[in-house]
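Engineer: So here's protein34.txt (compact mmCIF, N, CA and C atoms).
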# COMPACT_ATOMS: atom_id res chain seq x y z
N MET A 1 -26.03 49.26 97.02
CA MET A 1 -25.30 48.02 96.82
C MET A 1 -25.33 47.69 95.32
N SER A 2 -24.22 47.28 94.75
CA SER A 2 -24.14 46.99 93.32
C SER A 2 -24.75 45.62 93.01
N LYS A 3 -25.05 45.43 91.76
CA LYS A 3 -25.63 44.16 91.30
C LYS A 3 -24.69 43.00 91.61
N ILE A 4 -23.41 43.20 91.39
CA ILE A 4 -22.43 42.13 91.63
C ILE A 4 -22.34 41.80 93.12
N THR A 5 -22.41 42.82 93.98
CA THR A 5 -22.37 42.59 95.43
C THR A 5 -23.61 41.82 95.87
N ILE A 6 -24.76 42.20 95.34
CA ILE A 6 -26.01 41.49 95.68
C ILE A 6 -25.91 40.04 95.22
N LEU A 7 -25.41 39.83 94.00
CA LEU A 7 -25.23 38.47 93.47
C LEU A 7 -24.27 37.66 94.35
N ARG A 8 -23.17 38.28 94.72
CA ARG A 8 -22.16 37.61 95.55
C ARG A 8 -22.80 37.12 96.85
N ASP A 9 -23.57 37.99 97.51
CA ASP A 9 -24.23 37.62 98.77
C ASP A 9 -25.25 36.49 98.53
N GLU A 10 -26.01 36.58 97.46
CA GLU A 10 -27.03 35.57 97.15
C GLU A 10 -26.40 34.21 96.89
N LEU A 11 -25.30 34.21 96.16
CA LEU A 11 -24.67 32.95 95.77
C LEU A 11 -23.94 32.25 96.91
N GLU A 12 -23.88 32.89 98.07
CA GLU A 12 -23.32 32.24 99.25
C GLU A 12 -24.34 31.32 99.92
N LEU A 13 -25.61 31.40 99.50
CA LEU A 13 -26.65 30.55 100.07
C LEU A 13 -26.44 29.10 99.63
N SER A 14 -26.82 28.17 100.51
CA SER A 14 -26.57 26.74 100.27
C SER A 14 -27.28 26.20 99.02
N GLU A 15 -28.36 26.80 98.63
CA GLU A 15 -29.11 26.27 97.47
C GLU A 15 -28.33 26.40 96.16
N TYR A 16 -27.30 27.22 96.14
CA TYR A 16 -26.48 27.40 94.95
C TYR A 16 -25.17 26.63 95.02
N GLU A 17 -24.91 25.99 96.13
CA GLU A 17 -23.61 25.39 96.41
C GLU A 17 -23.12 24.47 95.30
N GLN A 18 -23.94 23.54 94.85
CA GLN A 18 -23.51 22.58 93.82
C GLN A 18 -23.21 23.29 92.50
N LEU A 19 -24.05 24.22 92.13
CA LEU A 19 -23.84 24.94 90.88
C LEU A 19 -22.60 25.83 90.95
N VAL A 20 -22.37 26.44 92.11
CA VAL A 20 -21.19 27.28 92.30
C VAL A 20 -19.93 26.43 92.23
N THR A 21 -19.94 25.27 92.91
CA THR A 21 -18.79 24.37 92.90
C THR A 21 -18.49 23.91 91.47
N ALA A 22 -19.54 23.64 90.70
CA ALA A 22 -19.37 23.19 89.32
C ALA A 22 -19.07 24.36 88.38
N GLN A 23 -19.15 25.56 88.90
CA GLN A 23 -18.98 26.79 88.12
C GLN A 23 -19.89 26.79 86.88
N ASN A 24 -21.13 26.38 87.12
CA ASN A 24 -22.12 26.34 86.04
C ASN A 24 -22.84 27.69 85.99
N PHE A 25 -22.16 28.65 85.43
CA PHE A 25 -22.66 30.03 85.41
C PHE A 25 -23.99 30.18 84.65
N PRO A 26 -24.15 29.50 83.50
CA PRO A 26 -25.43 29.62 82.81
C PRO A 26 -26.60 29.06 83.64
N ALA A 27 -26.38 27.94 84.32
CA ALA A 27 -27.45 27.35 85.14
C ALA A 27 -27.80 28.25 86.32
N ILE A 28 -26.80 28.89 86.91
CA ILE A 28 -27.05 29.81 88.03
C ILE A 28 -27.86 31.01 87.55
N ALA A 29 -27.45 31.58 86.42
CA ALA A 29 -28.19 32.73 85.87
C ALA A 29 -29.63 32.32 85.55
N SER A 30 -29.78 31.15 84.94
CA SER A 30 -31.12 30.66 84.60
C SER A 30 -31.97 30.47 85.85
N LEU A 31 -31.37 29.89 86.89
CA LEU A 31 -32.09 29.68 88.15
C LEU A 31 -32.54 31.01 88.76
N LEU A 32 -31.67 32.00 88.73
CA LEU A 32 -32.01 33.31 89.28
C LEU A 32 -33.10 34.02 88.48
N ASN A 33 -33.12 33.80 87.17
CA ASN A 33 -34.08 34.47 86.30
C ASN A 33 -35.40 33.72 86.15
N GLN A 34 -35.42 32.45 86.57
CA GLN A 34 -36.60 31.61 86.39
C GLN A 34 -37.79 32.15 87.18
N LYS A 35 -38.93 32.25 86.48
CA LYS A 35 -40.16 32.74 87.13
C LYS A 35 -41.02 31.53 87.52
N PRO A 36 -41.17 31.30 88.80
CA PRO A 36 -41.97 30.15 89.24
C PRO A 36 -43.47 30.40 88.98
N LEU A 37 -44.19 29.32 88.79
CA LEU A 37 -45.65 29.46 88.67
C LEU A 37 -46.25 29.60 90.06
N ILE A 38 -47.15 30.55 90.17
CA ILE A 38 -47.85 30.78 91.45
C ILE A 38 -49.35 30.75 91.18
N ASN A 39 -50.12 30.53 92.23
CA ASN A 39 -51.57 30.56 92.08
C ASN A 39 -52.01 31.97 91.70
N ASN A 40 -52.92 32.05 90.75
CA ASN A 40 -53.43 33.34 90.27
C ASN A 40 -54.22 33.99 91.41
N PRO A 41 -53.81 35.19 91.84
CA PRO A 41 -54.53 35.85 92.93
C PRO A 41 -55.86 36.46 92.48
N VAL A 42 -56.05 36.57 91.17
CA VAL A 42 -57.29 37.15 90.64
C VAL A 42 -58.27 36.01 90.38
N PRO A 43 -59.45 36.07 90.98
CA PRO A 43 -60.42 34.99 90.76
C PRO A 43 -60.91 34.97 89.31
N GLN A 44 -61.32 33.79 88.88
CA GLN A 44 -61.84 33.65 87.51
C GLN A 44 -63.15 34.40 87.39
N GLU A 45 -63.22 35.26 86.38
CA GLU A 45 -64.43 36.07 86.16
C GLU A 45 -65.45 35.30 85.35
N LYS A 46 -66.68 35.75 85.44
CA LYS A 46 -67.75 35.25 84.59
C LYS A 46 -67.93 36.26 83.46
N LEU A 47 -67.97 35.77 82.24
CA LEU A 47 -68.16 36.62 81.07
C LEU A 47 -69.49 36.29 80.42
N PRO A 48 -70.01 37.22 79.63
CA PRO A 48 -71.24 36.89 78.90
C PRO A 48 -70.99 35.64 78.05
N LYS A 49 -71.93 34.69 78.10
CA LYS A 49 -71.79 33.44 77.37
C LYS A 49 -71.75 33.73 75.87
N GLN A 50 -70.85 33.05 75.18
CA GLN A 50 -70.78 33.15 73.73
C GLN A 50 -72.00 32.43 73.15
N LEU A 51 -72.88 33.17 72.53
CA LEU A 51 -74.09 32.61 71.95
C LEU A 51 -73.86 32.23 70.49
N THR A 52 -74.75 31.41 69.98
CA THR A 52 -74.71 31.02 68.57
C THR A 52 -76.10 31.21 67.98
N LEU A 53 -76.19 31.16 66.66
CA LEU A 53 -77.50 31.22 66.03
C LEU A 53 -78.35 30.03 66.46
N VAL A 54 -77.71 28.90 66.66
CA VAL A 54 -78.43 27.71 67.12
C VAL A 54 -79.11 27.99 68.46
N ASP A 55 -78.40 28.69 69.37
CA ASP A 55 -79.00 29.06 70.66
C ASP A 55 -80.27 29.88 70.44
N LEU A 56 -80.19 30.83 69.54
CA LEU A 56 -81.37 31.69 69.28
C LEU A 56 -82.54 30.87 68.79
N PHE A 57 -82.30 29.92 67.89
CA PHE A 57 -83.38 29.14 67.32
C PHE A 57 -83.88 28.04 68.24
N GLN A 58 -82.98 27.48 69.06
CA GLN A 58 -83.40 26.40 69.95
C GLN A 58 -83.99 26.90 71.26
N GLN A 59 -83.47 28.03 71.77
CA GLN A 59 -83.88 28.49 73.09
C GLN A 59 -84.49 29.89 73.07
N GLY A 60 -84.50 30.53 71.92
CA GLY A 60 -84.94 31.91 71.85
C GLY A 60 -86.29 32.09 71.19
N ILE A 61 -86.27 32.11 69.89
CA ILE A 61 -87.50 32.42 69.16
C ILE A 61 -88.02 31.19 68.42
N THR A 62 -89.28 31.23 68.08
CA THR A 62 -89.90 30.11 67.36
C THR A 62 -89.50 30.17 65.90
N PRO A 63 -89.62 29.03 65.18
CA PRO A 63 -89.29 29.04 63.75
C PRO A 63 -90.14 30.06 62.96
N GLN A 64 -91.40 30.18 63.30
CA GLN A 64 -92.27 31.13 62.60
C GLN A 64 -91.80 32.57 62.84
N GLU A 65 -91.44 32.87 64.07
CA GLU A 65 -90.94 34.21 64.39
C GLU A 65 -89.62 34.48 63.65
N ALA A 66 -88.79 33.44 63.54
CA ALA A 66 -87.53 33.59 62.82
C ALA A 66 -87.78 33.93 61.36
N LEU A 67 -88.71 33.22 60.75
CA LEU A 67 -89.05 33.49 59.34
C LEU A 67 -89.52 34.93 59.16
N GLU A 68 -90.39 35.39 60.04
CA GLU A 68 -90.91 36.76 59.94
C GLU A 68 -89.80 37.80 60.16
N THR A 69 -89.01 37.55 61.15
CA THR A 69 -87.95 38.50 61.50
C THR A 69 -86.90 38.60 60.40
N PHE A 70 -86.53 37.46 59.84
CA PHE A 70 -85.44 37.45 58.88
C PHE A 70 -85.88 37.82 57.47
N LYS A 71 -87.13 38.22 57.32
CA LYS A 71 -87.57 38.80 56.05
C LYS A 71 -86.96 40.18 55.85
N ILE A 72 -86.52 40.79 56.95
CA ILE A 72 -85.86 42.10 56.87
C ILE A 72 -84.50 41.89 56.20
N PRO A 73 -84.25 42.54 55.07
CA PRO A 73 -83.00 42.32 54.34
C PRO A 73 -81.75 42.57 55.21
N GLY A 74 -80.84 41.61 55.19
CA GLY A 74 -79.56 41.75 55.87
C GLY A 74 -79.58 41.51 57.37
N LEU A 75 -80.77 41.35 57.96
CA LEU A 75 -80.85 41.22 59.42
C LEU A 75 -80.18 39.93 59.92
N LEU A 76 -80.41 38.83 59.21
CA LEU A 76 -79.81 37.56 59.64
C LEU A 76 -78.28 37.66 59.62
N ASP A 77 -77.73 38.24 58.56
CA ASP A 77 -76.27 38.39 58.49
C ASP A 77 -75.76 39.27 59.61
N ARG A 78 -76.47 40.36 59.89
CA ARG A 78 -76.07 41.29 60.96
C ARG A 78 -76.12 40.60 62.33
N ILE A 79 -77.19 39.85 62.56
CA ILE A 79 -77.33 39.13 63.84
C ILE A 79 -76.21 38.11 63.98
N GLU A 80 -75.94 37.36 62.91
CA GLU A 80 -74.88 36.35 62.97
C GLU A 80 -73.53 37.01 63.25
N MET A 81 -73.27 38.16 62.63
CA MET A 81 -71.99 38.85 62.83
C MET A 81 -71.82 39.29 64.29
N VAL A 82 -72.85 39.91 64.89
CA VAL A 82 -72.70 40.40 66.27
C VAL A 82 -72.70 39.26 67.27
N ILE A 83 -73.38 38.17 66.97
CA ILE A 83 -73.36 37.01 67.86
C ILE A 83 -71.97 36.38 67.83
N ASN A 84 -71.41 36.20 66.64
CA ASN A 84 -70.07 35.60 66.53
C ASN A 84 -69.02 36.46 67.23
N ALA A 85 -69.22 37.78 67.24
CA ALA A 85 -68.28 38.68 67.91
C ALA A 85 -68.59 38.83 69.39
N ASN A 86 -69.68 38.22 69.84
CA ASN A 86 -70.15 38.34 71.24
C ASN A 86 -70.27 39.82 71.63
N ASP A 87 -70.77 40.62 70.70
CA ASP A 87 -70.92 42.07 70.85
C ASP A 87 -72.26 42.34 71.54
N ARG A 88 -72.24 42.36 72.87
CA ARG A 88 -73.47 42.47 73.65
C ARG A 88 -74.23 43.78 73.40
N ILE A 89 -73.54 44.84 73.13
CA ILE A 89 -74.21 46.12 72.89
C ILE A 89 -75.05 46.02 71.61
N ASN A 90 -74.44 45.56 70.52
CA ASN A 90 -75.17 45.44 69.27
C ASN A 90 -76.19 44.30 69.30
N ILE A 91 -75.93 43.25 70.05
CA ILE A 91 -76.93 42.20 70.21
C ILE A 91 -78.17 42.80 70.86
N SER A 92 -77.98 43.61 71.89
CA SER A 92 -79.11 44.25 72.58
C SER A 92 -79.87 45.19 71.65
N ILE A 93 -79.15 45.93 70.81
CA ILE A 93 -79.81 46.84 69.86
C ILE A 93 -80.64 46.05 68.87
N LEU A 94 -80.07 44.96 68.34
CA LEU A 94 -80.83 44.14 67.39
C LEU A 94 -82.00 43.45 68.08
N PHE A 95 -81.83 43.11 69.34
CA PHE A 95 -82.91 42.50 70.12
C PHE A 95 -84.10 43.47 70.21
N GLU A 96 -83.81 44.75 70.36
CA GLU A 96 -84.90 45.75 70.40
C GLU A 96 -85.67 45.77 69.09
N ILE A 97 -84.97 45.62 67.97
CA ILE A 97 -85.65 45.57 66.66
C ILE A 97 -86.50 44.32 66.56
N VAL A 98 -85.92 43.18 66.95
CA VAL A 98 -86.61 41.89 66.84
C VAL A 98 -87.81 41.81 67.77
N LYS A 99 -87.78 42.51 68.90
CA LYS A 99 -88.87 42.46 69.88
C LYS A 99 -90.23 42.75 69.24
N THR A 100 -90.26 43.58 68.23
CA THR A 100 -91.55 43.93 67.61
C THR A 100 -92.15 42.79 66.81
N PHE A 101 -91.36 41.76 66.53
CA PHE A 101 -91.84 40.65 65.71
C PHE A 101 -92.05 39.35 66.48
N ILE A 102 -91.81 39.36 67.79
CA ILE A 102 -91.86 38.10 68.54
C ILE A 102 -92.81 38.17 69.74
N SER A 103 -93.16 37.00 70.23
CA SER A 103 -94.07 36.89 71.36
C SER A 103 -93.37 37.25 72.67
N GLN A 104 -94.18 37.44 73.72
CA GLN A 104 -93.62 37.73 75.04
C GLN A 104 -92.76 36.57 75.53
N ASN A 105 -93.20 35.34 75.26
CA ASN A 105 -92.43 34.17 75.67
C ASN A 105 -91.04 34.18 75.01
N SER A 106 -90.99 34.50 73.73
CA SER A 106 -89.71 34.56 73.03
C SER A 106 -88.86 35.72 73.54
N LYS A 107 -89.50 36.83 73.88
CA LYS A 107 -88.77 37.96 74.47
C LYS A 107 -88.11 37.53 75.77
N ASP A 108 -88.88 36.82 76.60
CA ASP A 108 -88.34 36.32 77.87
C ASP A 108 -87.18 35.35 77.64
N ASN A 109 -87.34 34.46 76.64
CA ASN A 109 -86.28 33.50 76.32
C ASN A 109 -85.00 34.21 75.88
N LEU A 110 -85.14 35.24 75.02
CA LEU A 110 -83.97 35.98 74.55
C LEU A 110 -83.32 36.76 75.69
N THR A 111 -84.13 37.32 76.56
CA THR A 111 -83.59 38.04 77.72
C THR A 111 -82.79 37.09 78.60
N ALA A 112 -83.30 35.89 78.80
CA ALA A 112 -82.59 34.89 79.60
C ALA A 112 -81.28 34.47 78.92
N LEU A 113 -81.32 34.31 77.60
CA LEU A 113 -80.09 33.95 76.86
C LEU A 113 -79.02 35.03 77.01
N LEU A 114 -79.44 36.29 76.91
CA LEU A 114 -78.49 37.39 77.01
C LEU A 114 -77.89 37.51 78.42
N ALA A 115 -78.58 36.97 79.41
CA ALA A 115 -78.10 37.05 80.79
C ALA A 115 -77.13 35.91 81.15
N LEU A 116 -77.02 34.90 80.28
CA LEU A 116 -76.16 33.75 80.58
C LEU A 116 -74.69 34.17 80.63
N THR A 117 -73.96 33.56 81.55
CA THR A 117 -72.52 33.80 81.67
C THR A 117 -71.78 32.47 81.66
N GLU A 118 -70.47 32.56 81.49
CA GLU A 118 -69.61 31.38 81.55
C GLU A 118 -68.26 31.80 82.12
N PRO A 119 -67.52 30.86 82.69
CA PRO A 119 -66.20 31.21 83.22
C PRO A 119 -65.29 31.72 82.10
N ASP A 120 -64.44 32.69 82.42
CA ASP A 120 -63.50 33.25 81.45
C ASP A 120 -62.59 32.13 80.94
N PRO A 121 -62.66 31.82 79.64
CA PRO A 121 -61.84 30.72 79.12
C PRO A 121 -60.35 31.06 79.05
N ASN A 122 -59.98 32.32 79.14
CA ASN A 122 -58.57 32.71 79.07
C ASN A 122 -57.90 32.81 80.43
N TRP A 123 -58.67 32.64 81.49
CA TRP A 123 -58.12 32.72 82.84
C TRP A 123 -57.22 31.53 83.09
N GLN A 124 -56.13 31.74 83.79
CA GLN A 124 -55.20 30.67 84.13
C GLN A 124 -55.11 30.53 85.64
N ALA A 125 -55.18 29.30 86.11
CA ALA A 125 -55.11 29.04 87.55
C ALA A 125 -53.74 29.40 88.10
N GLN A 126 -52.71 29.26 87.27
CA GLN A 126 -51.36 29.61 87.71
C GLN A 126 -50.76 30.60 86.71
N ILE A 127 -50.02 31.55 87.25
CA ILE A 127 -49.38 32.58 86.44
C ILE A 127 -47.92 32.70 86.85
N PRO A 128 -47.07 33.26 86.01
CA PRO A 128 -45.67 33.43 86.40
C PRO A 128 -45.52 34.40 87.58
N GLY A 129 -44.74 33.99 88.54
CA GLY A 129 -44.45 34.86 89.68
C GLY A 129 -43.14 35.59 89.45
N GLN A 130 -42.61 36.17 90.49
CA GLN A 130 -41.34 36.89 90.38
C GLN A 130 -40.17 35.93 90.50
N SER A 131 -39.19 36.15 89.67
CA SER A 131 -37.95 35.37 89.78
C SER A 131 -37.18 35.86 91.00
N ARG A 132 -36.20 35.07 91.40
CA ARG A 132 -35.36 35.49 92.53
C ARG A 132 -34.60 36.76 92.16
N ALA A 133 -34.15 36.87 90.91
CA ALA A 133 -33.45 38.07 90.47
C ALA A 133 -34.37 39.30 90.54
N GLU A 134 -35.63 39.13 90.21
CA GLU A 134 -36.58 40.26 90.32
C GLU A 134 -36.77 40.64 91.79
N GLU A 135 -36.89 39.64 92.64
CA GLU A 135 -37.04 39.92 94.07
C GLU A 135 -35.83 40.71 94.60
N LEU A 136 -34.66 40.39 94.09
CA LEU A 136 -33.43 41.07 94.52
C LEU A 136 -33.22 42.40 93.78
N LYS A 137 -34.10 42.66 92.82
CA LYS A 137 -34.04 43.89 91.99
C LYS A 137 -32.75 43.95 91.17
N ILE A 138 -32.37 42.78 90.62
CA ILE A 138 -31.19 42.71 89.76
C ILE A 138 -31.50 41.99 88.44
N TYR A 139 -32.76 41.88 88.12
CA TYR A 139 -33.20 41.17 86.91
C TYR A 139 -32.89 41.99 85.67
N PRO A 140 -32.46 41.36 84.61
CA PRO A 140 -32.04 39.97 84.47
C PRO A 140 -30.57 39.80 84.85
N VAL A 141 -30.24 38.56 85.14
CA VAL A 141 -28.86 38.22 85.48
C VAL A 141 -28.31 37.40 84.32
N ASN A 142 -27.09 37.72 83.87
CA ASN A 142 -26.47 36.90 82.81
C ASN A 142 -25.28 36.13 83.40
N GLU A 143 -24.80 35.18 82.62
CA GLU A 143 -23.75 34.30 83.14
C GLU A 143 -22.43 35.03 83.40
N GLN A 144 -22.17 36.10 82.66
CA GLN A 144 -20.96 36.88 82.92
C GLN A 144 -21.02 37.56 84.28
N GLU A 145 -22.17 38.05 84.65
CA GLU A 145 -22.34 38.69 85.96
C GLU A 145 -22.17 37.67 87.08
N VAL A 146 -22.70 36.47 86.86
CA VAL A 146 -22.54 35.40 87.85
C VAL A 146 -21.05 35.09 88.01
N GLN A 147 -20.37 34.94 86.89
CA GLN A 147 -18.93 34.63 86.94
C GLN A 147 -18.16 35.74 87.65
N GLU A 148 -18.50 36.99 87.37
CA GLU A 148 -17.83 38.11 88.03
C GLU A 148 -18.07 38.10 89.53
N ALA A 149 -19.30 37.79 89.93
CA ALA A 149 -19.64 37.76 91.36
C ALA A 149 -18.90 36.65 92.09
N LEU A 150 -18.58 35.58 91.40
CA LEU A 150 -17.92 34.44 92.03
C LEU A 150 -16.40 34.54 91.99
N ASN A 151 -15.88 35.47 91.24
CA ASN A 151 -14.40 35.61 91.14
C ASN A 151 -13.89 36.78 91.93
When written as structure tokens, how does the structure in this file appear?

Structural biologist:
Amino acid sequence: MSKITILRDELELSEYEQLVTAQNFPAIASLLNQKPLINNPVPQEKLPKQLTLVDLFQQGITPQEALETFKIPGLLDRIEMVINANDRINISILFEIVKTFISQNSKDNLTALLALTEPDPNWQAQIPGQSRAEELKIYPVNEQEVQEALN
């Protein structure tokens, strides 16, 4: 079946009646191409929580341990860089280095911090669904095709 034939059959439906009578070809094409919002079928994931240096100092290691650890040249800058990038692999590698300078309590605190998660901030509850033209496998529809189907 041709695109024009499919369009002709679709435009006989009552939902298009007013637009067809008005011969509003652009509005009909727009309606057919419009993607409705639908509920996202993919559940919101939990991602590793974005940590900050403040988290490390408030909930991770003691101030004295921080002073000892950050005596290593460039370590503070490296830690800040991987934390800002939420680079869990490199955070874990640096954690292994830092473990030699901190208490068991601080090790436990850092392990707990690394295990924290948060809902994916980029997830959307609604996403674009299929347009009617996509459902009919004639997407996209332009106003000239609508006019041809109606004449």

Engineer: What are the DSSP strand (DSSP E) residues of segment 26-151 of chain A, as a PyMOL selection string?

Structural biologist: chain A and resi 37-39+46-48+117-119+126-128

Engineer: Name the residues in contact with segment 138-148 of chain A at a cut-off of 6 Å, using all atoms listed in the file, excluding same-chain residues fewer than 5 positions from it; report them as a list in words.

Structural biologist: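 Close residues of segment 138-148 of chain A: Lys3, Phe25, Pro26, Ala29, Asn33 and Ala133 of chain A.
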
Engineer: List every residue of chain A that DSSP, applied to the backbone of this structure, assigns to alpha helix (DSSP H), and report them as a ChimeraX atom specification.

Structural biologist: /A:3-10,17-21,25-33,53-55,63-69,75-84,88-98,104-115,132-135,143-150

Engineer: Find the residues near Arg132 of chain A: any atom within 8 Å, counting only C-alpha atoms, skip ones fewer than 6 places away on the same chain, and give them as a compact mmCIF listing (two decimals) with N, CA and C atoms, in the frame of the given file.

Structural biologist:
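Printed below is around_24.txt as written:
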# COMPACT_ATOMS: atom_id res chain seq x y z
N LEU A 31 -31.37 29.89 86.89
CA LEU A 31 -32.09 29.68 88.15
C LEU A 31 -32.54 31.01 88.76
N LEU A 32 -31.67 32.00 88.73
CA LEU A 32 -32.01 33.31 89.28
C LEU A 32 -33.10 34.02 88.48
N ASN A 33 -33.12 33.80 87.17
CA ASN A 33 -34.08 34.47 86.30
C ASN A 33 -35.40 33.72 86.15
N GLN A 34 -35.42 32.45 86.57
CA GLN A 34 -36.60 31.61 86.39
C GLN A 34 -37.79 32.15 87.18
N LYS A 35 -38.93 32.25 86.48
CA LYS A 35 -40.16 32.74 87.13
C LYS A 35 -41.02 31.53 87.52

Engineer: Could you tell me how far atom CA of Thr117 of chain A sits from atom CA of Glu68 of chain A, in Å to one decimal place?

Structural biologist: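 Distance reported for this atom pair: 28.6 Å.
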
Engineer: For atom CA of Glu80 of chain A and atom CA of Glu45 of chain A, quote the distance in Å rounded to one decimal.

Structural biologist: 25.4 Å

Engineer: Atom N of Ser103 of chain A and atom N of Ala66 of chain A are how many Å apart?

Structural biologist: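 Answer for the atom N of Ser103 of chain A to atom N of Ala66 of chain A separation: 8.7 Å.
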
Engineer: Pick out the closest residue to Leu37 of chain A from this set: A:Gln58, A:Gln64, A:Ser2, A:Gln130. Count only N, CA and C atoms.

Structural biologist: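 Using only N, CA and C atoms, Leu37 of chain A sits closest to A:Gln130.
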
Engineer: Please list as a compact mmCIF listing (two decimals) with N, CA and C atoms, in the frame of the given file every residue within 7 Å of Phe101 of chain A, counting all atoms listed in the file and excluding residues in the same chain fewer than 3 positions away.

Structural biologist:
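So part09.txt came out as:
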# COMPACT_ATOMS: atom_id res chain seq x y z
N GLU A 65 -91.44 32.87 64.07
CA GLU A 65 -90.94 34.21 64.39
C GLU A 65 -89.62 34.48 63.65
N GLU A 68 -90.39 35.39 60.04
CA GLU A 68 -90.91 36.76 59.94
C GLU A 68 -89.80 37.80 60.16
N THR A 69 -89.01 37.55 61.15
CA THR A 69 -87.95 38.50 61.50
C THR A 69 -86.90 38.60 60.40
N ILE A 97 -84.97 45.62 67.97
CA ILE A 97 -85.65 45.57 66.66
C ILE A 97 -86.50 44.32 66.56
N VAL A 98 -85.92 43.18 66.95
CA VAL A 98 -86.61 41.89 66.84
C VAL A 98 -87.81 41.81 67.77

Engineer: When you count only C-alpha atoms, which of these residues is closest to Thr111 of chain A: A:Pro43, A:Pro128, A:Pro36, A:Gly60?

Structural biologist: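 Once distances to Thr111 of chain A are computed over only C-alpha atoms, the minimum belongs to A:Gly60.
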
Engineer: Quick one: of A:Leu56, A:Met81, A:Leu150, A:Ala27, who's nearest to Leu7 of chain A, counting all atoms listed in the file?

Structural biologist: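 Among the listed residues, A:Leu150 lies closest to Leu7 of chain A.
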
Engineer: Please tell me which residues are no farther than 6.5 Å from (-52.1, 30.9, 86.6) in the file, counting all atoms listed in the file, and write them as JSON, numbers by chain.

Structural biologist: {"A": [38, 39, 40, 123, 124, 125, 126, 127, 128]}

Engineer: I need the chosen residues saved as a PDB file, in the frame of the given file, with N, CA and C atoms.

Structural biologist:
ATOM      1  N   ILE A  38     -47.150  30.550  90.170  1.00  0.00           N
ATOM      2  CA  ILE A  38     -47.850  30.780  91.450  1.00  0.00           C
ATOM      3  C   ILE A  38     -49.350  30.750  91.180  1.00  0.00           C
ATOM      4  N   ASN A  39     -50.120  30.530  92.230  1.00  0.00           N
ATOM      5  CA  ASN A  39     -51.570  30.560  92.080  1.00  0.00           C
ATOM      6  C   ASN A  39     -52.010  31.970  91.700  1.00  0.00           C
ATOM      7  N   ASN A  40     -52.920  32.050  90.750  1.00  0.00           N
ATOM      8  CA  ASN A  40     -53.430  33.340  90.270  1.00  0.00           C
ATOM      9  C   ASN A  40     -54.220  33.990  91.410  1.00  0.00           C
ATOM     10  N   TRP A 123     -58.670  32.640  81.490  1.00  0.00           N
ATOM     11  CA  TRP A 123     -58.120  32.720  82.840  1.00  0.00           C
ATOM     12  C   TRP A 123     -57.220  31.530  83.090  1.00  0.00           C
ATOM     13  N   GLN A 124     -56.130  31.740  83.790  1.00  0.00           N
ATOM     14  CA  GLN A 124     -55.200  30.670  84.130  1.00  0.00           C
ATOM     15  C   GLN A 124     -55.110  30.530  85.640  1.00  0.00           C
ATOM     16  N   ALA A 125     -55.180  29.300  86.110  1.00  0.00           N
ATOM     17  CA  ALA A 125     -55.110  29.040  87.550  1.00  0.00           C
ATOM     18  C   ALA A 125     -53.740  29.400  88.100  1.00  0.00           C
ATOM     19  N   GLN A 126     -52.710  29.260  87.270  1.00  0.00           N
ATOM     20  CA  GLN A 126     -51.360  29.610  87.710  1.00  0.00           C
ATOM     21  C   GLN A 126     -50.760  30.600  86.710  1.00  0.00           C
ATOM     22  N   ILE A 127     -50.020  31.550  87.250  1.00  0.00           N
ATOM     23  CA  ILE A 127     -49.380  32.580  86.440  1.00  0.00           C
ATOM     24  C   ILE A 127     -47.920  32.700  86.850  1.00  0.00           C
ATOM     25  N   PRO A 128     -47.070  33.260  86.010  1.00  0.00           N
ATOM     26  CA  PRO A 128     -45.670  33.430  86.400  1.00  0.00           C
ATOM     27  C   PRO A 128     -45.520  34.400  87.580  1.00  0.00           C
TER      28      PRO A 128
END

Engineer: Considering all atoms listed in the file, state which residue in the set A:Ile102, A:Leu114, A:Leu67, A:Asp9 is at the smallest distance from Arg88 of chain A.

Structural biologist: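 Closest to Arg88 of chain A, using all atoms listed in the file: A:Leu114.
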